[in-house]
Amino acid sequence: PYKSPPSPKALRPTSKKSFVIVRSLSVILKTMAGRSYIAALALVCLCLSYHLEITAATEFTVGDSAGWSFNVQNWPNGKSFKAGDVLVFKYGQGAHNVVVVDAQGYDSCTAKSGSKTYTSGNDKITLAKGTSYFICSYPGHCDAGMKIKVVVN
């Protein structure tokens with residue numbers, strides 16, 4: 001027997017983008033109800049799996065196995081970052097820190113007063129679209145290459 005497609009409320013989308021997708025697919029399902037419910041259901045599954053694949057974030061350990069350390073400034077080269085990806089800064093707590101700076105702070109190895117500073121030794125920072133800059137503000141560390149510039153597409 002035919003069952004009507006679930007309403008957008010029943011699917012409970014978790015974001016505005018998901019809501020738009022679910023709402024659009026609900027309209028498609030209602031339109032196709034008399035024709036081919038199985039084909040419509042397959043279309044819904046395909047669209048949702050595509051949406052999940054797009055939004056899946058990648059976790060990157062800065063400096064790979066060496067962690068957040070000296071001469072890490074070239075680590076981002078050749079890597080592709082997207083919004084939502086997570087950078088993990090691993091280092092001995094108390095030996096370093098991670099400070100979010102702007103381009104000027106990156107170039108001059110100085111952090112402005114009030115800059116966001118991480119000190120746990122296992123800091124996780126979610127990337128947003130644009131360019132992000134990170135330095136270690138301990139004296140001499142940034143000058144020794146303990147800084148990275150990450151471009152997110």
# chains A, B, ... in the order shown; residues from 1 in each chain; ligands from 1
$ residues_around --residues "A:His96" --least-positions-apart "4" --cutoff "9 Å" --atoms "only C-alpha atoms" --output "MDAnalysis selection string"
chainID A and resid 68:69 91:92 119 121 136:138 141
$ write_last_selection --atoms "all heavy atoms" --output "PDB file, in the first residue's frame"
ATOM      1  N   TRP A  68      52.876  20.393  16.830  1.00  0.00           N
ATOM      2  CA  TRP A  68      53.079  21.836  16.786  1.00  0.00           C
ATOM      3  C   TRP A  68      54.480  22.108  17.309  1.00  0.00           C
ATOM      4  O   TRP A  68      54.751  22.031  18.502  1.00  0.00           O
ATOM      5  CB  TRP A  68      52.011  22.499  17.637  1.00  0.00           C
ATOM      6  CG  TRP A  68      51.991  23.990  17.767  1.00  0.00           C
ATOM      7  CD1 TRP A  68      51.966  24.675  18.954  1.00  0.00           C
ATOM      8  CD2 TRP A  68      51.930  24.979  16.744  1.00  0.00           C
ATOM      9  NE1 TRP A  68      51.900  26.038  18.715  1.00  0.00           N
ATOM     10  CE2 TRP A  68      51.884  26.255  17.354  1.00  0.00           C
ATOM     11  CE3 TRP A  68      51.935  24.931  15.353  1.00  0.00           C
ATOM     12  CZ2 TRP A  68      51.812  27.445  16.640  1.00  0.00           C
ATOM     13  CZ3 TRP A  68      51.867  26.113  14.630  1.00  0.00           C
ATOM     14  CH2 TRP A  68      51.812  27.343  15.275  1.00  0.00           C
ATOM     15  N   SER A  69      55.411  22.363  16.373  1.00  0.00           N
ATOM     16  CA  SER A  69      56.819  22.485  16.741  1.00  0.00           C
ATOM     17  C   SER A  69      57.527  23.486  15.834  1.00  0.00           C
ATOM     18  O   SER A  69      56.910  24.069  14.943  1.00  0.00           O
ATOM     19  CB  SER A  69      57.510  21.114  16.649  1.00  0.00           C
ATOM     20  OG  SER A  69      57.392  20.606  15.337  1.00  0.00           O
ATOM     21  N   TYR A  91      51.146  19.497  21.474  1.00  0.00           N
ATOM     22  CA  TYR A  91      52.432  19.946  22.002  1.00  0.00           C
ATOM     23  C   TYR A  91      52.437  19.733  23.509  1.00  0.00           C
ATOM     24  O   TYR A  91      51.385  19.495  24.116  1.00  0.00           O
ATOM     25  CB  TYR A  91      52.664  21.431  21.671  1.00  0.00           C
ATOM     26  CG  TYR A  91      51.550  22.339  22.156  1.00  0.00           C
ATOM     27  CD1 TYR A  91      51.612  22.953  23.401  1.00  0.00           C
ATOM     28  CD2 TYR A  91      50.427  22.561  21.369  1.00  0.00           C
ATOM     29  CE1 TYR A  91      50.590  23.771  23.857  1.00  0.00           C
ATOM     30  CE2 TYR A  91      49.398  23.380  21.815  1.00  0.00           C
ATOM     31  CZ  TYR A  91      49.476  23.986  23.048  1.00  0.00           C
ATOM     32  OH  TYR A  91      48.457  24.794  23.500  1.00  0.00           O
ATOM     33  N   GLY A  92      53.598  19.793  24.091  1.00  0.00           N
ATOM     34  CA  GLY A  92      53.699  19.654  25.537  1.00  0.00           C
ATOM     35  C   GLY A  92      53.102  20.872  26.228  1.00  0.00           C
ATOM     36  O   GLY A  92      53.546  22.000  25.979  1.00  0.00           O
ATOM     37  N   THR A 119      46.121  26.797  25.210  1.00  0.00           N
ATOM     38  CA  THR A 119      47.267  26.336  26.007  1.00  0.00           C
ATOM     39  C   THR A 119      47.160  24.886  26.484  1.00  0.00           C
ATOM     40  O   THR A 119      47.960  24.451  27.304  1.00  0.00           O
ATOM     41  CB  THR A 119      47.427  27.235  27.251  1.00  0.00           C
ATOM     42  OG1 THR A 119      46.227  27.163  28.030  1.00  0.00           O
ATOM     43  CG2 THR A 119      47.714  28.680  26.883  1.00  0.00           C
ATOM     44  N   GLY A 121      47.653  21.971  24.968  1.00  0.00           N
ATOM     45  CA  GLY A 121      48.562  20.959  24.427  1.00  0.00           C
ATOM     46  C   GLY A 121      47.864  19.994  23.487  1.00  0.00           C
ATOM     47  O   GLY A 121      48.500  19.167  22.838  1.00  0.00           O
ATOM     48  N   CYS A 136      52.979  30.633  17.771  1.00  0.00           N
ATOM     49  CA  CYS A 136      53.304  30.395  19.178  1.00  0.00           C
ATOM     50  C   CYS A 136      53.887  31.712  19.672  1.00  0.00           C
ATOM     51  O   CYS A 136      54.818  32.255  19.059  1.00  0.00           O
ATOM     52  CB  CYS A 136      54.325  29.271  19.348  1.00  0.00           C
ATOM     53  SG  CYS A 136      54.803  29.033  21.091  1.00  0.00           S
ATOM     54  N   SER A 137      53.337  32.240  20.766  1.00  0.00           N
ATOM     55  CA  SER A 137      53.776  33.557  21.230  1.00  0.00           C
ATOM     56  C   SER A 137      54.923  33.493  22.244  1.00  0.00           C
ATOM     57  O   SER A 137      55.358  34.526  22.743  1.00  0.00           O
ATOM     58  CB  SER A 137      52.602  34.332  21.834  1.00  0.00           C
ATOM     59  OG  SER A 137      52.165  33.736  23.034  1.00  0.00           O
ATOM     60  N   TYR A 138      55.434  32.305  22.537  1.00  0.00           N
ATOM     61  CA  TYR A 138      56.584  32.218  23.439  1.00  0.00           C
ATOM     62  C   TYR A 138      57.780  32.878  22.736  1.00  0.00           C
ATOM     63  O   TYR A 138      57.963  32.703  21.523  1.00  0.00           O
ATOM     64  CB  TYR A 138      56.899  30.769  23.773  1.00  0.00           C
ATOM     65  CG  TYR A 138      55.982  30.144  24.804  1.00  0.00           C
ATOM     66  CD1 TYR A 138      54.626  30.462  24.870  1.00  0.00           C
ATOM     67  CD2 TYR A 138      56.466  29.219  25.709  1.00  0.00           C
ATOM     68  CE1 TYR A 138      53.794  29.889  25.816  1.00  0.00           C
ATOM     69  CE2 TYR A 138      55.638  28.633  26.665  1.00  0.00           C
ATOM     70  CZ  TYR A 138      54.303  28.979  26.705  1.00  0.00           C
ATOM     71  OH  TYR A 138      53.481  28.406  27.642  1.00  0.00           O
ATOM     72  N   HIS A 141      59.876  31.542  19.481  1.00  0.00           N
ATOM     73  CA  HIS A 141      59.286  30.368  18.847  1.00  0.00           C
ATOM     74  C   HIS A 141      58.724  30.679  17.462  1.00  0.00           C
ATOM     75  O   HIS A 141      58.983  29.944  16.509  1.00  0.00           O
ATOM     76  CB  HIS A 141      58.202  29.758  19.743  1.00  0.00           C
ATOM     77  CG  HIS A 141      58.743  29.134  20.982  1.00  0.00           C
ATOM     78  ND1 HIS A 141      58.046  28.195  21.704  1.00  0.00           N
ATOM     79  CD2 HIS A 141      59.923  29.299  21.646  1.00  0.00           C
ATOM     80  CE1 HIS A 141      58.759  27.810  22.748  1.00  0.00           C
ATOM     81  NE2 HIS A 141      59.903  28.487  22.738  1.00  0.00           N
TER      82      HIS A 141
END
$ closest_residue --among "A:Asn77, A:Thr110, A:Thr117, A:Gln104" --to "A:Val150" --atoms "only C-alpha atoms"
A:Asn77
$ residues_around --residues "A:Ser65" --least-positions-apart "6" --cutoff "12 Å" --atoms "only C-alpha atoms" --output "list in words"
Val72, Trp75, Val88, Phe89, Lys90 and Tyr91 of chain A
$ atom_distance --atom1 "atom CA of A:Ala128" --atom2 "atom CA of A:Gln93"
25.5 Å
